[in-house]
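Next up, coords_15.txt (compact mmCIF, C-alpha atoms):
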```
# COMPACT_ATOMS: atom_id res chain seq x y z
CA GLY A 1 -68.70 -121.75 70.98
CA ALA A 2 -66.81 -124.45 69.17
CA VAL A 3 -66.66 -123.95 65.40
CA VAL A 4 -66.55 -126.58 62.70
CA SER A 5 -66.03 -125.63 59.08
CA GLN A 6 -66.42 -127.54 55.85
CA HIS A 7 -64.95 -126.97 52.45
CA PRO A 8 -66.24 -126.70 49.83
CA SER A 9 -69.78 -125.64 50.63
CA TRP A 10 -70.97 -127.01 47.32
CA VAL A 11 -69.39 -128.96 44.50
CA ILE A 12 -70.51 -130.20 41.12
CA CYS A 13 -68.56 -132.97 39.47
CA LYS A 14 -68.82 -135.36 36.57
CA SER A 15 -69.71 -138.99 37.03
CA GLY A 16 -66.65 -141.13 37.59
CA THR A 17 -64.51 -138.46 39.22
CA SER A 18 -63.50 -138.23 42.87
CA VAL A 19 -64.38 -135.42 45.23
CA LYS A 20 -62.73 -134.51 48.51
CA ILE A 21 -64.59 -132.73 51.30
CA GLU A 22 -62.73 -131.23 54.25
CA CYS A 23 -63.97 -130.87 57.80
CA ARG A 24 -62.02 -128.69 60.21
CA SER A 25 -62.38 -127.91 63.89
CA LEU A 26 -61.28 -124.29 64.06
CA ASP A 27 -60.82 -123.65 67.76
CA PHE A 28 -60.46 -127.05 69.34
CA GLN A 29 -58.82 -130.38 68.75
CA ALA A 30 -61.06 -133.26 67.83
CA THR A 31 -59.85 -136.81 68.16
CA THR A 32 -63.17 -137.95 66.74
CA MET A 33 -65.26 -136.49 63.98
CA PHE A 34 -68.41 -137.81 62.39
CA TRP A 35 -69.65 -137.82 58.82
CA TYR A 36 -73.35 -137.74 58.00
CA ARG A 37 -75.33 -137.84 54.83
CA GLN A 38 -78.65 -136.11 54.36
CA PHE A 39 -80.97 -136.61 51.42
CA PRO A 40 -83.51 -133.90 50.57
CA LYS A 41 -86.24 -133.63 53.17
CA GLN A 42 -84.79 -136.56 55.11
CA SER A 43 -82.89 -136.97 58.32
CA LEU A 44 -79.18 -137.25 58.89
CA MET A 45 -77.71 -140.71 58.59
CA LEU A 46 -74.39 -141.41 60.24
CA MET A 47 -71.94 -142.72 57.68
CA ALA A 48 -68.79 -143.16 59.69
CA THR A 49 -66.80 -142.18 62.72
CA SER A 50 -63.45 -140.66 61.90
CA ASN A 51 -60.69 -141.32 64.41
CA GLU A 52 -57.47 -139.35 64.41
CA GLY A 53 -54.52 -141.54 63.61
CA SER A 54 -56.51 -144.69 62.96
CA LYS A 55 -59.01 -146.17 60.56
CA ALA A 56 -62.52 -144.86 60.36
CA THR A 57 -65.42 -146.90 61.64
CA TYR A 58 -68.14 -147.23 59.04
CA GLU A 59 -71.81 -147.79 59.66
CA GLN A 60 -73.50 -150.82 58.21
CA GLY A 61 -74.25 -150.41 54.54
CA VAL A 62 -71.68 -147.69 53.90
CA GLU A 63 -69.01 -148.69 51.39
CA LYS A 64 -65.64 -147.88 52.90
CA ASP A 65 -63.88 -148.16 49.53
CA LYS A 66 -66.23 -145.61 48.05
CA PHE A 67 -66.24 -143.14 50.93
CA LEU A 68 -62.63 -142.78 52.01
CA ILE A 69 -62.08 -141.04 55.31
CA ASN A 70 -58.77 -139.70 56.50
CA HIS A 71 -58.26 -138.04 59.87
CA ALA A 72 -54.66 -136.99 59.58
CA SER A 73 -54.59 -134.36 62.30
CA LEU A 74 -56.54 -133.32 65.36
CA THR A 75 -58.26 -130.55 63.43
CA LEU A 76 -58.88 -132.06 60.01
CA SER A 77 -60.86 -134.96 58.63
CA THR A 78 -61.48 -135.51 54.94
CA LEU A 79 -64.13 -137.48 53.12
CA THR A 80 -63.35 -138.52 49.57
CA VAL A 81 -66.17 -139.78 47.42
CA THR A 82 -64.45 -141.97 44.87
CA SER A 83 -65.78 -142.64 41.38
CA ALA A 84 -68.82 -140.56 42.14
CA HIS A 85 -72.16 -141.38 40.56
CA PRO A 86 -75.40 -139.38 40.44
CA GLU A 87 -76.83 -141.43 43.31
CA ASP A 88 -74.03 -140.07 45.50
CA SER A 89 -75.50 -136.60 45.15
CA SER A 90 -76.42 -135.52 48.64
CA PHE A 91 -75.70 -133.15 51.48
CA TYR A 92 -72.68 -134.25 53.53
CA ILE A 93 -72.29 -132.93 57.05
CA CYS A 94 -69.51 -133.41 59.55
CA SER A 95 -69.51 -132.90 63.29
CA ALA A 96 -67.07 -132.97 66.16
CA THR A 97 -67.11 -132.97 69.94
CA PRO A 98 -64.68 -130.79 71.86
CA PRO A 99 -62.63 -132.46 74.60
CA GLY A 100 -64.44 -133.27 77.79
CA GLY A 101 -64.95 -130.47 80.26
CA ARG A 102 -64.97 -127.63 77.81
CA PHE A 103 -68.56 -127.81 76.66
CA THR A 104 -71.71 -129.67 77.45
CA TYR A 105 -70.93 -133.34 77.66
CA ASN A 106 -71.64 -135.10 74.40
CA GLU A 107 -72.61 -131.92 72.60
CA GLN A 108 -71.62 -132.17 68.97
CA PHE A 109 -70.86 -129.16 66.82
CA PHE A 110 -71.83 -129.41 63.22
CA GLY A 111 -70.29 -128.05 60.09
CA PRO A 112 -72.45 -126.14 57.61
CA GLY A 113 -72.52 -129.06 55.20
CA THR A 114 -71.34 -129.67 51.65
CA ARG A 115 -73.78 -130.13 48.83
CA LEU A 116 -72.48 -132.58 46.25
CA THR A 117 -74.07 -132.84 42.83
CA VAL A 118 -72.81 -135.52 40.48
CA LEU A 119 -73.76 -135.05 36.84
CA ALA B 1 -80.78 -151.35 67.96
CA GLN B 2 -81.59 -147.78 68.77
CA ARG B 3 -84.30 -145.88 66.99
CA VAL B 4 -85.93 -142.47 67.21
CA THR B 5 -89.40 -141.73 65.88
CA GLN B 6 -90.84 -138.32 65.18
CA PRO B 7 -94.35 -138.93 63.85
CA GLU B 8 -94.96 -135.47 62.46
CA LYS B 9 -93.04 -134.23 59.43
CA LEU B 10 -94.71 -130.85 59.61
CA LEU B 11 -96.34 -129.06 62.50
CA SER B 12 -98.05 -125.77 61.88
CA VAL B 13 -99.23 -123.59 64.77
CA PHE B 14 -100.28 -119.99 65.24
CA LYS B 15 -98.12 -117.53 67.10
CA GLY B 16 -98.88 -117.67 70.80
CA ALA B 17 -100.27 -121.19 70.66
CA PRO B 18 -98.69 -124.07 72.59
CA VAL B 19 -96.27 -126.33 70.78
CA GLU B 20 -95.54 -129.99 71.31
CA LEU B 21 -93.17 -131.87 69.06
CA LYS B 22 -93.40 -135.58 69.67
CA CYS B 23 -90.49 -137.94 69.98
CA ASN B 24 -90.41 -141.61 70.92
CA TYR B 25 -87.35 -143.76 71.16
CA SER B 26 -86.34 -147.36 71.30
CA TYR B 27 -83.23 -148.34 73.19
CA SER B 28 -82.46 -151.24 75.45
CA GLY B 29 -80.10 -149.41 77.77
CA SER B 30 -80.10 -146.02 79.43
CA PRO B 31 -80.34 -143.40 76.70
CA GLU B 32 -79.21 -139.84 76.55
CA LEU B 33 -81.59 -137.68 74.56
CA PHE B 34 -81.24 -134.33 72.88
CA TRP B 35 -83.16 -131.93 70.74
CA TYR B 36 -81.20 -130.33 67.92
CA VAL B 37 -82.56 -127.48 65.84
CA GLN B 38 -81.77 -126.19 62.39
CA TYR B 39 -82.97 -122.71 61.51
CA SER B 40 -83.27 -121.70 57.90
CA ARG B 41 -79.88 -121.51 56.19
CA GLN B 42 -78.05 -122.29 59.41
CA ARG B 43 -76.23 -125.35 60.67
CA LEU B 44 -77.54 -127.83 63.18
CA GLN B 45 -77.18 -126.79 66.78
CA LEU B 46 -78.01 -128.24 70.14
CA LEU B 47 -81.21 -126.94 71.68
CA LEU B 48 -81.36 -128.92 74.89
CA ARG B 49 -80.55 -132.27 76.47
CA HIS B 50 -82.56 -134.27 78.94
CA ILE B 51 -79.98 -134.55 81.69
CA SER B 52 -79.77 -130.78 82.02
CA ARG B 53 -83.46 -130.40 82.76
CA GLU B 54 -83.19 -126.89 81.43
CA SER B 55 -85.44 -124.52 79.53
CA ILE B 56 -83.89 -123.06 76.42
CA LYS B 57 -85.69 -120.36 74.45
CA GLY B 58 -88.80 -121.33 76.37
CA PHE B 59 -88.60 -124.96 75.29
CA THR B 60 -88.57 -127.87 77.72
CA ALA B 61 -88.47 -131.62 77.27
CA ASP B 62 -88.98 -134.32 79.85
CA LEU B 63 -87.72 -137.83 79.47
CA ASN B 64 -90.48 -140.33 80.18
CA LYS B 65 -88.87 -143.73 80.42
CA GLY B 66 -92.18 -145.49 80.91
CA GLU B 67 -93.53 -144.16 77.64
CA THR B 68 -90.07 -143.97 76.02
CA SER B 69 -90.82 -140.42 75.00
CA PHE B 70 -88.99 -137.13 74.98
CA HIS B 71 -91.51 -134.61 73.69
CA LEU B 72 -90.46 -131.00 73.17
CA LYS B 73 -92.84 -128.37 74.47
CA LYS B 74 -93.25 -124.63 74.53
CA PRO B 75 -96.27 -122.85 75.98
CA PHE B 76 -96.36 -119.94 73.53
CA ALA B 77 -94.90 -120.29 70.05
CA GLN B 78 -92.96 -117.42 68.53
CA GLU B 79 -92.34 -116.72 64.88
CA GLU B 80 -88.61 -117.21 65.36
CA ASP B 81 -89.24 -120.78 66.52
CA SER B 82 -89.92 -121.83 62.95
CA ALA B 83 -87.24 -124.38 62.15
CA MET B 84 -86.51 -128.07 61.71
CA TYR B 85 -86.29 -129.94 64.98
CA TYR B 86 -84.54 -133.26 65.40
CA CYS B 87 -84.88 -135.58 68.35
CA VAL B 88 -81.56 -137.34 68.85
CA LEU B 89 -80.46 -140.28 70.94
CA THR B 90 -77.10 -141.55 72.02
CA GLY B 91 -76.61 -144.79 73.84
CA GLY B 92 -73.12 -144.05 74.93
CA GLY B 93 -70.05 -142.65 73.32
CA ASN B 94 -70.68 -139.90 70.85
CA LYS B 95 -72.65 -141.70 68.13
CA LEU B 96 -75.93 -139.92 67.50
CA THR B 97 -79.11 -141.44 66.11
CA PHE B 98 -81.39 -138.87 64.55
CA GLY B 99 -85.14 -138.90 64.26
CA THR B 100 -86.65 -137.97 60.93
CA GLY B 101 -87.23 -134.41 62.03
CA THR B 102 -90.27 -132.19 62.40
CA GLN B 103 -90.59 -128.93 60.52
CA LEU B 104 -92.23 -126.41 62.83
CA LYS B 105 -93.99 -123.53 61.15
CA VAL B 106 -95.29 -120.72 63.31
CA GLU B 107 -97.87 -118.64 61.53
CA LEU B 108 -98.89 -115.13 62.39
```

For the structure just supplied, provide its representation as structure tokens.
Amino acid sequence: GAVVSQHPSWVICKSGTSVKIECRSLDFQATTMFWYRQFPKQSLMLMATSNEGSKATYEQGVEKDKFLINHASLTLSTLTVTSAHPEDSSFYICSATPPGGRFTYNEQFFGPGTRLTVL
Amino acid sequence: AQRVTQPEKLLSVFKGAPVELKCNYSYSGSPELFWYVQYSRQRLQLLLRHISRESIKGFTADLNKGETSFHLKKPFAQEEDSAMYYCVLTGGGNKLTFGTGTQLKVEL
């Protein structure tokens, strides 16, 4: 199947610092990737749609200046949490859809997630 | 606006008993619905989608547009079915809207 990886798997940082999370499609090219946030015992909330070569599309209520998304290549999207605060502590998950025809239409493949803890 | 409701946070059944995980949706257009599953310590993965009308691991789900439901069913629960199940909707494109999830626990 299609594989999506994330790095790091967990990170602890001090309040006020910035943290970068990488999302990679390992065996396919992804023009679009998605970033989700999941609080403990809650569902996934879509934060933004990452588009290769163009600006990300953010969901309502998500601060684009705080959550910087860069999709510089067809296999890599990064999410940078700037000036992190304890309330940003969460589980961040990315996903991607392989090009049409290769897999089930609209099937998204998810990364394993990155747990961010801000002290 | 699109919305997915899963009324049960936790569903506990005995092994061999039937399982039904409820899902209702709200969407003005023609939705595409999925069930995603997350086993312990594993990533989210697609279980099944309504347009395939398939049975995966013994699970089936029928889209009922009249009741705006997409319940997930299995006649005989197995221990390995214990997991978190998410009902997911897309109204077009690839943007997914997740339900709140139901934790299924199959007891021996």

Taking a cut-off of 12 Å and counting all atoms listed in the file, can you build a table that, for each residue of chain B near chain A, reports the nearest atom pair and how far apart they are in Å (one decimal), sorted by chain then residue number, as JSON lines?
```
{"residue": "B:Arg3", "atom": "CA", "partner": "A:Met45", "partner_atom": "CA", "distance": 11.9}
{"residue": "B:Val4", "atom": "CA", "partner": "A:Ser43", "partner_atom": "CA", "distance": 10.9}
{"residue": "B:Thr5", "atom": "CA", "partner": "A:Ser43", "partner_atom": "CA", "distance": 11.1}
{"residue": "B:Gln6", "atom": "CA", "partner": "A:Ser43", "partner_atom": "CA", "distance": 10.6}
{"residue": "B:Lys9", "atom": "CA", "partner": "A:Lys41", "partner_atom": "CA", "distance": 9.3}
{"residue": "B:Leu10", "atom": "CA", "partner": "A:Lys41", "partner_atom": "CA", "distance": 11.0}
{"residue": "B:Glu32", "atom": "CA", "partner": "A:Asn106", "partner_atom": "CA", "distance": 9.2}
{"residue": "B:Leu33", "atom": "CA", "partner": "A:Asn106", "partner_atom": "CA", "distance": 10.3}
{"residue": "B:Phe34", "atom": "CA", "partner": "A:Glu107", "partner_atom": "CA", "distance": 9.0}
{"residue": "B:Trp35", "atom": "CA", "partner": "A:Glu107", "partner_atom": "CA", "distance": 10.7}
{"residue": "B:Tyr36", "atom": "CA", "partner": "A:Gln108", "partner_atom": "CA", "distance": 9.8}
{"residue": "B:Val37", "atom": "CA", "partner": "A:Phe110", "partner_atom": "CA", "distance": 11.2}
{"residue": "B:Gln38", "atom": "CA", "partner": "A:Pro112", "partner_atom": "CA", "distance": 10.5}
{"residue": "B:Tyr39", "atom": "CA", "partner": "A:Pro112", "partner_atom": "CA", "distance": 11.7}
{"residue": "B:Ser40", "atom": "CA", "partner": "A:Pro112", "partner_atom": "CA", "distance": 11.7}
{"residue": "B:Arg41", "atom": "CA", "partner": "A:Pro112", "partner_atom": "CA", "distance": 8.9}
{"residue": "B:Gln42", "atom": "CA", "partner": "A:Pro112", "partner_atom": "CA", "distance": 7.0}
{"residue": "B:Arg43", "atom": "CA", "partner": "A:Pro112", "partner_atom": "CA", "distance": 4.9}
{"residue": "B:Leu44", "atom": "CA", "partner": "A:Phe110", "partner_atom": "CA", "distance": 5.9}
{"residue": "B:Gln45", "atom": "CA", "partner": "A:Phe109", "partner_atom": "CA", "distance": 6.7}
{"residue": "B:Leu46", "atom": "CA", "partner": "A:Glu107", "partner_atom": "CA", "distance": 7.0}
{"residue": "B:Leu47", "atom": "CA", "partner": "A:Glu107", "partner_atom": "CA", "distance": 10.0}
{"residue": "B:Leu48", "atom": "CA", "partner": "A:Glu107", "partner_atom": "CA", "distance": 9.5}
{"residue": "B:Arg49", "atom": "CA", "partner": "A:Glu107", "partner_atom": "CA", "distance": 8.8}
{"residue": "B:His50", "atom": "CA", "partner": "A:Tyr105", "partner_atom": "CA", "distance": 11.7}
{"residue": "B:Ile51", "atom": "CA", "partner": "A:Tyr105", "partner_atom": "CA", "distance": 10.0}
{"residue": "B:Ser52", "atom": "CA", "partner": "A:Thr104", "partner_atom": "CA", "distance": 9.3}
{"residue": "B:Met84", "atom": "CA", "partner": "A:Ser43", "partner_atom": "CA", "distance": 10.2}
{"residue": "B:Tyr85", "atom": "CA", "partner": "A:Ser43", "partner_atom": "CA", "distance": 10.3}
{"residue": "B:Tyr86", "atom": "CA", "partner": "A:Ser43", "partner_atom": "CA", "distance": 8.2}
{"residue": "B:Cys87", "atom": "CA", "partner": "A:Ser43", "partner_atom": "CA", "distance": 10.3}
{"residue": "B:Val88", "atom": "CA", "partner": "A:Leu44", "partner_atom": "CA", "distance": 10.2}
{"residue": "B:Leu89", "atom": "CA", "partner": "A:Asn106", "partner_atom": "CA", "distance": 10.8}
{"residue": "B:Thr90", "atom": "CA", "partner": "A:Asn106", "partner_atom": "CA", "distance": 8.8}
{"residue": "B:Gly91", "atom": "CA", "partner": "A:Asn106", "partner_atom": "CA", "distance": 10.9}
{"residue": "B:Gly92", "atom": "CA", "partner": "A:Asn106", "partner_atom": "CA", "distance": 9.1}
{"residue": "B:Gly93", "atom": "CA", "partner": "A:Asn106", "partner_atom": "CA", "distance": 7.8}
{"residue": "B:Asn94", "atom": "CA", "partner": "A:Asn106", "partner_atom": "CA", "distance": 6.0}
{"residue": "B:Lys95", "atom": "CA", "partner": "A:Thr49", "partner_atom": "CA", "distance": 8.0}
{"residue": "B:Leu96", "atom": "CA", "partner": "A:Leu46", "partner_atom": "CA", "distance": 7.6}
{"residue": "B:Thr97", "atom": "CA", "partner": "A:Leu46", "partner_atom": "CA", "distance": 7.5}
{"residue": "B:Phe98", "atom": "CA", "partner": "A:Leu44", "partner_atom": "CA", "distance": 6.3}
{"residue": "B:Gly99", "atom": "CA", "partner": "A:Ser43", "partner_atom": "CA", "distance": 6.6}
{"residue": "B:Thr100", "atom": "CA", "partner": "A:Ser43", "partner_atom": "CA", "distance": 4.7}
{"residue": "B:Gly101", "atom": "CA", "partner": "A:Ser43", "partner_atom": "CA", "distance": 6.3}
{"residue": "B:Thr102", "atom": "CA", "partner": "A:Ser43", "partner_atom": "CA", "distance": 9.7}
{"residue": "B:Gln103", "atom": "CA", "partner": "A:Lys41", "partner_atom": "CA", "distance": 9.7}
```

Show me the residues close to (-70.5, -133.2, 54.4) - anything with an atom within 10 Å, counting only C-alpha atoms - and format the list as a PyMOL selection string. chain A and resi 5-10+20-23+34-38+78-79+90-95+110-116

Can you tell me, as an NGL selection string, what residues are no more than 9 Å from Ala2 (chain A) when counting all atoms listed in the file, ignoring any on the same chain fewer than 6 positions away? :A and (25-28 or 97-98 or 103 or 109)

Could you give me, as a PyMOL selection string, the residues that sit within 8 Å of (-63.2, -135.5, 40.5) in the file's coordinates, counting only C-alpha atoms? chain A and resi 13-14+16-19+82-84

Residue selection dump (C-alpha atoms) as a compact mmCIF listing (two decimals), in the frame of the given file:
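Final output, saved to out-v2.txt:
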```txt
# COMPACT_ATOMS: atom_id res chain seq x y z
CA CYS A 13 -68.56 -132.97 39.47
CA LYS A 14 -68.82 -135.36 36.57
CA GLY A 16 -66.65 -141.13 37.59
CA THR A 17 -64.51 -138.46 39.22
CA SER A 18 -63.50 -138.23 42.87
CA VAL A 19 -64.38 -135.42 45.23
CA THR A 82 -64.45 -141.97 44.87
CA SER A 83 -65.78 -142.64 41.38
CA ALA A 84 -68.82 -140.56 42.14
```

Atom pair CA of Thr31 (chain A) / CA of Val81 (chain A): separation (Å):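 Result for CA of Thr31 (chain A) versus CA of Val81 (chain A): 21.9 Å, one decimal.
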
Would you mind reading off the distance between CA of Ala77 (chain B) and CA of Thr60 (chain B), one decimal, in Å?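 CA of Thr60 (chain B) lies 12.5 Å from CA of Ala77 (chain B).
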
Interatomic distance between CA of Phe70 (chain B) and CA of Gly29 (chain B)?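 So the answer is 15.4 Å.
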